[in-house]
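Content type compact mmCIF, C-alpha atoms, from the file query_30.txt:
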```
# COMPACT_ATOMS: atom_id res chain seq x y z
CA MET O 1 37.46 47.92 145.43
CA ASN O 2 40.40 45.57 145.56
CA SER O 3 40.03 42.43 147.66
CA ASN O 4 43.74 41.65 147.32
CA ARG O 5 44.62 44.75 149.29
CA ARG O 6 47.92 44.58 151.14
CA TYR O 7 47.93 45.42 154.86
CA PRO O 8 50.84 46.15 157.19
CA ASP O 9 51.97 43.14 159.26
CA THR O 10 52.43 45.25 162.36
CA VAL O 11 49.43 46.01 164.53
CA SER O 12 49.02 49.75 165.27
CA GLY O 13 47.61 51.10 168.50
CA PRO O 14 46.24 50.65 171.06
CA PHE O 15 44.17 53.76 170.49
CA GLU O 16 42.06 55.85 172.82
CA THR O 17 38.37 55.02 172.81
CA PRO O 18 35.33 57.29 172.83
CA PRO O 19 33.73 58.99 174.68
CA LEU O 20 36.53 61.40 175.50
CA GLU O 21 37.01 65.10 176.05
CA PHE O 22 39.95 67.43 175.41
CA VAL O 23 40.80 71.09 174.98
CA ASP O 24 41.85 71.89 171.40
CA ARG O 25 44.73 74.20 170.39
CA THR O 26 42.47 77.25 170.43
CA GLY O 27 41.04 76.51 173.88
CA ARG O 28 37.70 75.01 172.85
CA THR O 29 36.45 72.01 174.83
CA ILE O 30 35.73 69.24 172.35
CA GLU O 31 33.93 66.02 173.15
CA ILE O 32 34.14 62.92 170.96
CA ARG O 33 31.28 60.43 171.19
CA PRO O 34 29.97 57.52 169.10
CA TYR O 35 26.95 58.45 166.97
CA ASP O 36 23.80 57.71 169.01
CA SER O 37 21.43 57.23 166.02
CA SER O 38 19.23 60.11 167.18
CA GLU O 39 17.57 62.54 164.79
CA ALA O 40 19.24 65.45 166.58
CA GLU O 41 22.73 64.09 165.88
CA PHE O 42 21.80 63.23 162.29
CA ASP O 43 20.58 66.78 161.74
CA ALA O 44 23.72 68.24 163.35
CA LEU O 45 25.81 66.29 160.83
CA VAL O 46 23.64 67.47 157.95
CA GLU O 47 24.27 71.02 159.15
CA MET O 48 28.02 70.42 159.37
CA TYR O 49 28.21 69.00 155.85
CA THR O 50 26.04 71.66 154.23
CA GLU O 51 28.44 74.25 155.72
CA PHE O 52 31.46 72.34 154.41
CA ASP O 53 33.87 74.26 152.16
CA PRO O 54 33.49 72.79 148.65
CA SER O 55 37.27 72.99 148.15
CA ASP O 56 37.73 70.53 151.04
CA ARG O 57 35.63 67.87 149.33
CA ALA O 58 37.43 64.62 148.59
CA GLN O 59 36.50 62.42 145.63
CA GLY O 60 32.98 63.77 145.53
CA ILE O 61 32.18 63.63 149.24
CA PRO O 62 30.58 65.27 151.06
CA PRO O 63 28.10 65.93 148.25
CA GLY O 64 27.19 69.55 147.61
CA LYS O 65 23.41 69.58 148.01
CA GLU O 66 21.51 69.02 151.26
CA SER O 67 19.29 66.31 149.75
CA ARG O 68 22.38 64.42 148.57
CA VAL O 69 24.12 64.94 151.91
CA ARG O 70 21.13 63.30 153.60
CA THR O 71 21.14 60.30 151.24
CA TRP O 72 24.90 59.88 151.65
CA LEU O 73 24.65 60.11 155.45
CA GLU O 74 21.82 57.56 155.57
CA GLY O 75 24.25 55.12 153.94
CA ILE O 76 27.26 55.71 156.17
CA LEU O 77 25.29 56.14 159.43
CA ALA O 78 23.61 52.74 158.97
CA ASP O 79 23.79 50.15 161.73
CA ASP O 80 26.63 48.17 160.14
CA CYS O 81 28.92 51.25 160.10
CA LEU O 82 30.84 52.82 162.99
CA ASN O 83 30.74 56.59 163.46
CA VAL O 84 32.24 59.04 165.93
CA ILE O 85 31.49 62.74 166.09
CA ALA O 86 33.53 65.62 167.58
CA TRP O 87 31.25 68.09 169.36
CA ASP O 88 31.75 71.74 170.29
CA GLY O 89 28.70 71.95 172.53
CA THR O 90 25.80 71.03 170.27
CA ARG O 91 27.70 71.85 167.08
CA ALA O 92 29.24 68.98 165.10
CA ALA O 93 32.83 70.01 164.37
CA GLY O 94 34.12 66.78 162.89
CA HIS O 95 33.05 63.28 161.95
CA SER O 96 34.86 60.06 161.19
CA THR O 97 33.34 56.88 159.83
CA LEU O 98 34.12 53.21 159.13
CA VAL O 99 32.05 51.60 156.38
CA PRO O 100 32.19 47.82 155.69
CA ASP O 101 33.52 46.98 152.23
CA GLY O 102 31.81 43.60 151.92
CA ASP O 103 35.16 41.91 152.36
CA ASN O 104 35.39 41.95 156.18
CA ASP O 105 37.45 45.12 156.08
CA TYR O 106 36.44 48.74 156.50
CA GLU O 107 36.90 51.95 154.54
CA LEU O 108 37.65 55.02 156.66
CA ALA O 109 36.91 58.68 156.06
CA ILE O 110 37.31 61.73 158.28
CA PHE O 111 35.99 65.27 157.91
CA VAL O 112 36.72 68.29 160.09
CA LEU O 113 34.81 71.53 159.58
CA GLN O 114 37.05 74.36 158.34
CA ASP O 115 36.80 76.44 161.58
CA TYR O 116 38.07 73.45 163.54
CA GLN O 117 40.98 72.36 161.37
CA GLN O 118 44.60 72.46 162.58
CA ALA O 119 43.49 72.33 166.20
CA GLY O 120 44.37 68.70 166.97
CA ILE O 121 40.79 67.51 166.53
CA GLY O 122 41.49 65.27 163.54
CA THR O 123 44.10 63.25 165.44
CA HIS O 124 41.74 62.55 168.37
CA LEU O 125 38.89 61.85 165.98
CA ILE O 126 40.74 59.26 163.90
CA GLU O 127 42.45 57.62 166.89
CA SER O 128 39.20 57.30 168.81
CA LEU O 129 37.47 55.84 165.74
CA LEU O 130 40.22 53.23 165.37
CA GLY O 131 39.97 52.46 169.11
CA TYR O 132 36.20 52.15 168.74
CA GLY O 133 36.67 49.90 165.69
CA ASP O 134 39.11 47.66 167.57
CA GLU O 135 36.55 47.33 170.40
CA HIS O 136 34.07 46.12 167.78
CA GLY O 137 36.41 43.45 166.42
CA ILE O 138 37.63 45.26 163.29
CA CYS O 139 41.14 44.20 162.19
CA LYS O 140 41.90 46.01 158.94
CA VAL O 141 41.04 49.48 157.70
CA TRP O 142 41.86 51.22 154.41
CA LEU O 143 41.23 54.58 152.78
CA THR O 144 42.01 56.55 149.67
CA VAL O 145 43.32 60.09 149.69
CA GLU O 146 44.15 62.57 146.98
CA ARG O 147 47.94 62.56 146.68
CA TRP O 148 48.23 66.34 146.96
CA ASN O 149 46.37 66.39 150.30
CA HIS O 150 49.54 66.46 152.43
CA PRO O 151 47.90 67.36 155.78
CA ALA O 152 45.62 64.33 155.48
CA VAL O 153 48.43 61.98 154.40
CA SER O 154 50.58 63.14 157.36
CA LEU O 155 47.71 62.52 159.77
CA TYR O 156 47.16 59.01 158.42
CA GLU O 157 50.88 58.20 158.59
CA LYS O 158 51.09 59.52 162.12
CA VAL O 159 48.48 57.05 163.39
CA GLY O 160 50.04 54.10 161.53
CA PHE O 161 48.60 53.97 158.00
CA GLU O 162 51.02 52.84 155.30
CA THR O 163 50.74 53.55 151.59
CA THR O 164 49.61 50.34 149.89
CA GLY O 165 48.74 51.61 146.43
CA ALA O 166 50.34 54.55 144.66
CA GLU O 167 49.78 53.69 141.02
CA SER O 168 46.44 55.42 140.57
CA PHE O 169 45.09 58.99 140.89
CA GLU O 170 44.49 58.54 144.60
CA LEU O 171 46.84 57.05 147.15
CA GLU O 172 45.54 53.98 148.90
CA MET O 173 46.59 53.57 152.52
CA ALA O 174 45.92 50.77 155.01
CA ILE O 175 46.36 50.02 158.70
CA ARG O 176 46.09 46.90 160.84
CA ILE O 177 44.50 47.48 164.24
CA ASP O 178 44.29 43.84 165.33
CA GLU O 179 45.48 40.35 164.34
CA ASP O 180 43.20 38.50 161.94
CA ASP O 181 40.83 36.02 163.55
CA GLU O 182 41.94 32.58 162.52
CA MET G 1 29.34 64.52 115.91
CA LYS G 2 31.17 61.19 115.70
CA VAL G 3 31.10 59.50 119.12
CA LEU G 4 32.89 56.39 120.40
CA LEU G 5 31.40 54.83 123.57
CA GLU G 6 33.05 52.15 125.67
CA PHE G 7 30.62 49.50 126.92
CA ASP G 8 31.61 46.69 129.31
CA GLY G 9 28.20 45.88 130.76
CA SER G 10 28.87 47.47 134.18
CA GLN G 11 26.18 49.70 135.72
CA ALA G 12 28.37 52.72 135.00
CA SER G 13 28.59 51.80 131.34
CA VAL G 14 24.83 51.16 131.15
CA ASP G 15 24.24 54.68 132.47
CA ALA G 16 26.71 56.05 129.95
CA LEU G 17 25.01 54.12 127.13
CA ASP G 18 21.54 55.46 128.05
CA ARG G 19 22.77 59.01 128.15
CA THR G 20 24.84 58.77 125.00
CA VAL G 21 21.98 57.20 123.03
CA ASP G 22 19.57 59.94 124.22
CA ARG G 23 22.04 62.58 123.14
CA ALA G 24 22.77 60.90 119.82
CA VAL G 25 19.05 60.81 119.01
CA ALA G 26 18.57 64.47 119.95
CA ALA G 27 21.72 65.77 118.27
CA GLY G 28 22.04 63.38 115.35
CA ASP G 29 25.37 61.95 116.54
CA GLU G 30 26.96 59.08 114.71
CA LEU G 31 27.50 56.46 117.45
CA THR G 32 29.99 53.61 117.60
CA VAL G 33 29.96 51.32 120.65
CA ALA G 34 33.17 49.50 121.56
CA LEU G 35 32.30 46.27 123.37
CA THR G 36 35.04 45.56 125.88
CA GLY G 37 34.05 42.15 127.17
CA THR G 38 35.79 40.16 129.87
CA ALA G 39 35.73 36.40 130.36
CA GLU G 40 32.33 36.52 132.11
CA THR G 41 30.62 38.96 129.77
CA THR G 42 30.92 37.88 126.16
CA HIS G 43 30.82 40.30 123.26
CA ALA G 44 27.57 38.70 122.08
CA ALA G 45 25.84 39.36 125.41
CA LEU G 46 27.08 42.95 125.43
CA ALA G 47 25.89 43.47 121.85
CA GLU G 48 22.44 42.25 122.85
CA GLN G 49 22.32 44.75 125.75
CA VAL G 50 23.22 47.59 123.41
CA GLU G 51 20.68 46.49 120.77
CA ASP G 52 17.97 46.47 123.48
CA VAL G 53 18.64 50.08 124.37
CA VAL G 54 18.88 51.23 120.77
CA ALA G 55 15.86 49.20 119.57
CA ASP G 56 13.31 51.85 120.56
CA THR G 57 15.14 54.59 118.69
CA ALA G 58 15.75 55.38 115.05
CA LEU G 59 19.47 55.25 115.71
CA SER G 60 21.72 52.80 113.93
CA VAL G 61 24.79 51.94 115.94
CA ASP G 62 28.08 50.57 114.76
CA LEU G 63 29.43 47.86 117.10
CA ARG G 64 33.11 46.99 117.61
CA GLU G 65 34.62 44.20 119.63
CA ILE G 66 37.70 44.97 121.66
CA ASP G 67 39.62 42.38 123.65
CA ALA G 68 41.13 42.60 127.12
CA GLU G 69 43.19 45.69 128.02
CA PRO G 70 40.90 47.98 126.03
CA ALA G 71 42.31 51.36 127.05
CA GLY G 72 45.06 51.67 124.45
CA GLU G 73 42.86 50.27 121.72
CA LEU G 74 40.06 52.74 122.52
CA VAL G 75 42.40 55.70 122.25
CA ALA G 76 43.92 54.34 119.01
CA ILE G 77 40.51 53.87 117.38
CA ALA G 78 39.26 57.29 118.49
CA GLU G 79 42.32 59.01 117.05
CA SER G 80 42.89 57.02 113.86
CA GLU G 81 39.24 57.12 112.82
CA GLU G 82 38.79 60.79 113.69
CA PHE G 83 36.13 60.54 116.35
CA ASP G 84 35.08 63.84 117.96
CA GLU G 85 34.49 62.37 121.39
CA LEU G 86 35.21 59.29 123.47
CA VAL G 87 32.62 58.48 126.17
CA LEU G 88 33.22 56.32 129.26
CA GLY G 89 31.13 55.35 132.24
CA GLY G 90 32.87 56.93 135.21
CA ASN G 91 30.44 56.37 138.00
CA THR G 92 32.28 53.93 140.21
CA THR G 93 32.25 54.66 143.93
CA SER G 94 33.88 53.11 146.98
CA PRO G 95 31.74 51.73 149.86
CA MET G 96 32.09 55.19 151.43
CA GLY G 97 30.72 56.87 148.32
CA LYS G 98 34.06 58.25 147.15
CA ILE G 99 34.29 58.59 143.40
CA THR G 100 36.95 56.35 141.97
CA ILE G 101 38.43 56.19 138.50
CA ASN G 102 39.15 52.78 137.03
CA LYS G 103 42.32 51.93 135.12
CA THR G 104 40.70 52.23 131.69
CA ALA G 105 39.29 55.69 132.40
CA GLU G 106 42.56 56.85 133.90
CA PHE G 107 44.57 55.72 130.87
CA VAL G 108 42.11 57.24 128.42
CA LEU G 109 41.97 60.58 130.27
CA LEU G 110 45.75 60.86 130.31
CA ASN G 111 46.46 59.61 126.80
CA SER G 112 43.61 60.58 124.54
CA HIS G 113 44.02 63.52 122.18
CA VAL G 114 40.29 63.22 121.49
CA THR G 115 37.90 64.93 123.94
CA VAL G 116 36.75 62.53 126.66
CA THR G 117 33.40 62.55 128.45
CA LEU G 118 33.22 60.70 131.75
CA VAL G 119 29.54 60.10 132.50
CA ARG G 120 28.47 60.48 136.15
```
Please render this file's structure as structure tokens.
Amino acid sequence: MNSNRRYPDTVSGPFETPPLEFVDRTGRTIEIRPYDSSEAEFDALVEMYTEFDPSDRAQGIPPGKESRVRTWLEGILADDCLNVIAWDGTRAAGHSTLVPDGDNDYELAIFVLQDYQQAGIGTHLIESLLGYGDEHGICKVWLTVERWNHPAVSLYEKVGFETTGAESFELEMAIRIDEDDE
Amino acid sequence: MKVLLEFDGSQASVDALDRTVDRAVAAGDELTVALTGTAETTHAALAEQVEDVVADTALSVDLREIDAEPAGELVAIAESEEFDELVLGGNTTSPMGKITINKTAEFVLLNSHVTVTLVR
């Protein structure tokens, strides 16, 4: 995308780090853990995304077909990416990911399964991913979001993202989680 | 049908070219390719790429050269010369795999009175 991306000067955080456990607004115990690269966790994510409501897709992801979900996940669950998953027992309820953009910065995305939305899971999921990213030396993170997706924009603003590009179809937002290494 | 295709040499525009040529052969479309070169990709190099794809077909393609900031020019040509369709490569994705729309496609989608096809 754009290598001249603007980032906030202020460092956000510190954020909580995974693993962590909490009770969501409907009383379910949710655990957030980094992805362990096992086949079982991969398959649980495939199951989550094939159940995903098509109207909650954002800019074409998650893809609609299982084969495409698998190909997409192979890309973003690769070793150079950082992933955390929210678990309700053995069921994946949410997933957040940081993917390197080839420019030392990372693109973020977060998905919460419909049954688990508006329960406080997204906030823990994104904060713990940013905490996990900071632990791994990541300084700057960006994302794009459809401008009509107000719940998502509010979540991003709450954790410290600022709008850095508003001139195109999608809003671009960015956050600084650590000082640049000089 | 009279079709105007934008071609800038990107992978997305190569995909759009392949598809548009296939369709033009099957449907008997009249195809014009607008070469929108940048400093690195000259119009001559782009023309060669298009000729390579068309060479194996019976199609004869009209080539146009458009300079920087092609969006307005594309829309103007499509409208003033009564094209039926304007085709753009629209398959750009972020590192995450999110579909993104570049400035040219965005301008064309919002401004064109001619039907637009965004090839994915």
Interface residues on chain G facing chain O, 6 Å, all atoms listed in the file, written as a PyMOL selection string: chain G and resi 95+98-99
Nearest candidate to G:Lys103 (options G:Asp18, G:Ala71, G:Thr115, G:Leu35; using only C-alpha atoms): G:Ala71
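Counting from atom CA of O:Glu31, the distance to atom CA of O:Pro14 is 19.8 Å.
Atom CA of O:Ser96 is found 14.5 Å from atom CA of O:Ile30.
Those residues positioned at most 9 Å from (40.7, 68.0, 166.6) are Phe22, Val23, Asp24, Arg25, Ile30, Ala86, Ala93, Gly94, Val112, Tyr116, Gln117, Gln118, Ala119, Gly120, Ile121, Gly122, Thr123, His124 and Leu125 of chain O, judged using all atoms listed in the file.
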Of the listed residues G:Leu118, G:Leu110, G:Leu5, G:Leu31, that which approaches G:Thr92 most closely, counting all atoms listed in the file: G:Leu118
Atom CA of G:Ser112 to atom CA of G:Asp84, distance in Å rounded to a single decimal: 11.3 Å
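Neighbours of G:Thr32 closer than or equal to 6 Å, with only C-alpha atoms counted and sequence neighbours fewer than 2 positions away skipped, come out as Leu4, Val61, Asp62 and Leu63 of chain G.
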Writer output for current selection, C-alpha atoms, as a PDB file, in the frame of the given file:
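Output below, filename out_29.pdb:
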```pdb
ATOM      1  CA  LEU G   4      32.890  56.390 120.400  1.00  0.00           C
ATOM      2  CA  VAL G  61      24.790  51.940 115.940  1.00  0.00           C
ATOM      3  CA  ASP G  62      28.080  50.570 114.760  1.00  0.00           C
ATOM      4  CA  LEU G  63      29.430  47.860 117.100  1.00  0.00           C
TER       5      LEU G  63
END
```
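Residues within 8 Å of O:Ser128, counting only C-alpha atoms and excluding same-chain residues fewer than 6 positions away, are O:Phe15, O:Glu16, O:Thr17, O:Pro18, O:Ile32, O:Val84.
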Restricted to C-alpha atoms, what would the selected residues look like written as a JSON list (two decimals), in the frame of the given file?
```
[["chain", "number", "residue", "atom", "x", "y", "z"],
["O", 15, "PHE", "CA", 44.17, 53.76, 170.49],
["O", 16, "GLU", "CA", 42.06, 55.85, 172.82],
["O", 17, "THR", "CA", 38.37, 55.02, 172.81],
["O", 18, "PRO", "CA", 35.33, 57.29, 172.83],
["O", 32, "ILE", "CA", 34.14, 62.92, 170.96],
["O", 84, "VAL", "CA", 32.24, 59.04, 165.93]]
```
Please produce stretch 151-165 of chain O, completed to N, CA and C atoms, as a PDB file, in the coordinates of the input.
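Output file result-v4.pdb is given in full below:
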```pdb
ATOM      1  N   PRO O 151      48.294  67.415 154.360  1.00  0.00           N
ATOM      2  CA  PRO O 151      47.900  67.360 155.780  1.00  0.00           C
ATOM      3  C   PRO O 151      47.200  66.052 156.124  1.00  0.00           C
ATOM      4  N   ALA O 152      46.339  65.580 155.216  1.00  0.00           N
ATOM      5  CA  ALA O 152      45.620  64.330 155.480  1.00  0.00           C
ATOM      6  C   ALA O 152      46.591  63.150 155.479  1.00  0.00           C
ATOM      7  N   VAL O 153      47.485  63.101 154.474  1.00  0.00           N
ATOM      8  CA  VAL O 153      48.430  61.980 154.400  1.00  0.00           C
ATOM      9  C   VAL O 153      49.301  61.933 155.657  1.00  0.00           C
ATOM     10  N   SER O 154      49.752  63.107 156.142  1.00  0.00           N
ATOM     11  CA  SER O 154      50.580  63.140 157.360  1.00  0.00           C
ATOM     12  C   SER O 154      49.806  62.606 158.559  1.00  0.00           C
ATOM     13  N   LEU O 155      48.538  63.002 158.655  1.00  0.00           N
ATOM     14  CA  LEU O 155      47.710  62.520 159.770  1.00  0.00           C
ATOM     15  C   LEU O 155      47.595  60.997 159.719  1.00  0.00           C
ATOM     16  N   TYR O 156      47.327  60.459 158.539  1.00  0.00           N
ATOM     17  CA  TYR O 156      47.160  59.010 158.420  1.00  0.00           C
ATOM     18  C   TYR O 156      48.464  58.280 158.758  1.00  0.00           C
ATOM     19  N   GLU O 157      49.587  58.832 158.292  1.00  0.00           N
ATOM     20  CA  GLU O 157      50.880  58.200 158.590  1.00  0.00           C
ATOM     21  C   GLU O 157      51.173  58.230 160.080  1.00  0.00           C
ATOM     22  N   LYS O 158      50.813  59.354 160.698  1.00  0.00           N
ATOM     23  CA  LYS O 158      51.090  59.520 162.120  1.00  0.00           C
ATOM     24  C   LYS O 158      50.397  58.439 162.962  1.00  0.00           C
ATOM     25  N   VAL O 159      49.180  58.057 162.576  1.00  0.00           N
ATOM     26  CA  VAL O 159      48.480  57.050 163.390  1.00  0.00           C
ATOM     27  C   VAL O 159      48.835  55.617 162.979  1.00  0.00           C
ATOM     28  N   GLY O 160      49.576  55.438 161.872  1.00  0.00           N
ATOM     29  CA  GLY O 160      50.040  54.100 161.530  1.00  0.00           C
ATOM     30  C   GLY O 160      49.654  53.596 160.149  1.00  0.00           C
ATOM     31  N   PHE O 161      48.931  54.395 159.370  1.00  0.00           N
ATOM     32  CA  PHE O 161      48.600  53.970 158.000  1.00  0.00           C
ATOM     33  C   PHE O 161      49.864  53.935 157.153  1.00  0.00           C
ATOM     34  N   GLU O 162      49.927  52.921 156.269  1.00  0.00           N
ATOM     35  CA  GLU O 162      51.020  52.840 155.300  1.00  0.00           C
ATOM     36  C   GLU O 162      50.431  52.914 153.889  1.00  0.00           C
ATOM     37  N   THR O 163      51.192  53.486 152.975  1.00  0.00           N
ATOM     38  CA  THR O 163      50.740  53.550 151.590  1.00  0.00           C
ATOM     39  C   THR O 163      50.800  52.164 150.977  1.00  0.00           C
ATOM     40  N   THR O 164      49.665  51.692 150.441  1.00  0.00           N
ATOM     41  CA  THR O 164      49.610  50.340 149.890  1.00  0.00           C
ATOM     42  C   THR O 164      49.336  50.356 148.394  1.00  0.00           C
ATOM     43  N   GLY O 165      48.978  51.515 147.866  1.00  0.00           N
ATOM     44  CA  GLY O 165      48.740  51.610 146.430  1.00  0.00           C
ATOM     45  C   GLY O 165      49.015  53.030 145.996  1.00  0.00           C
TER      46      GLY O 165
END
```
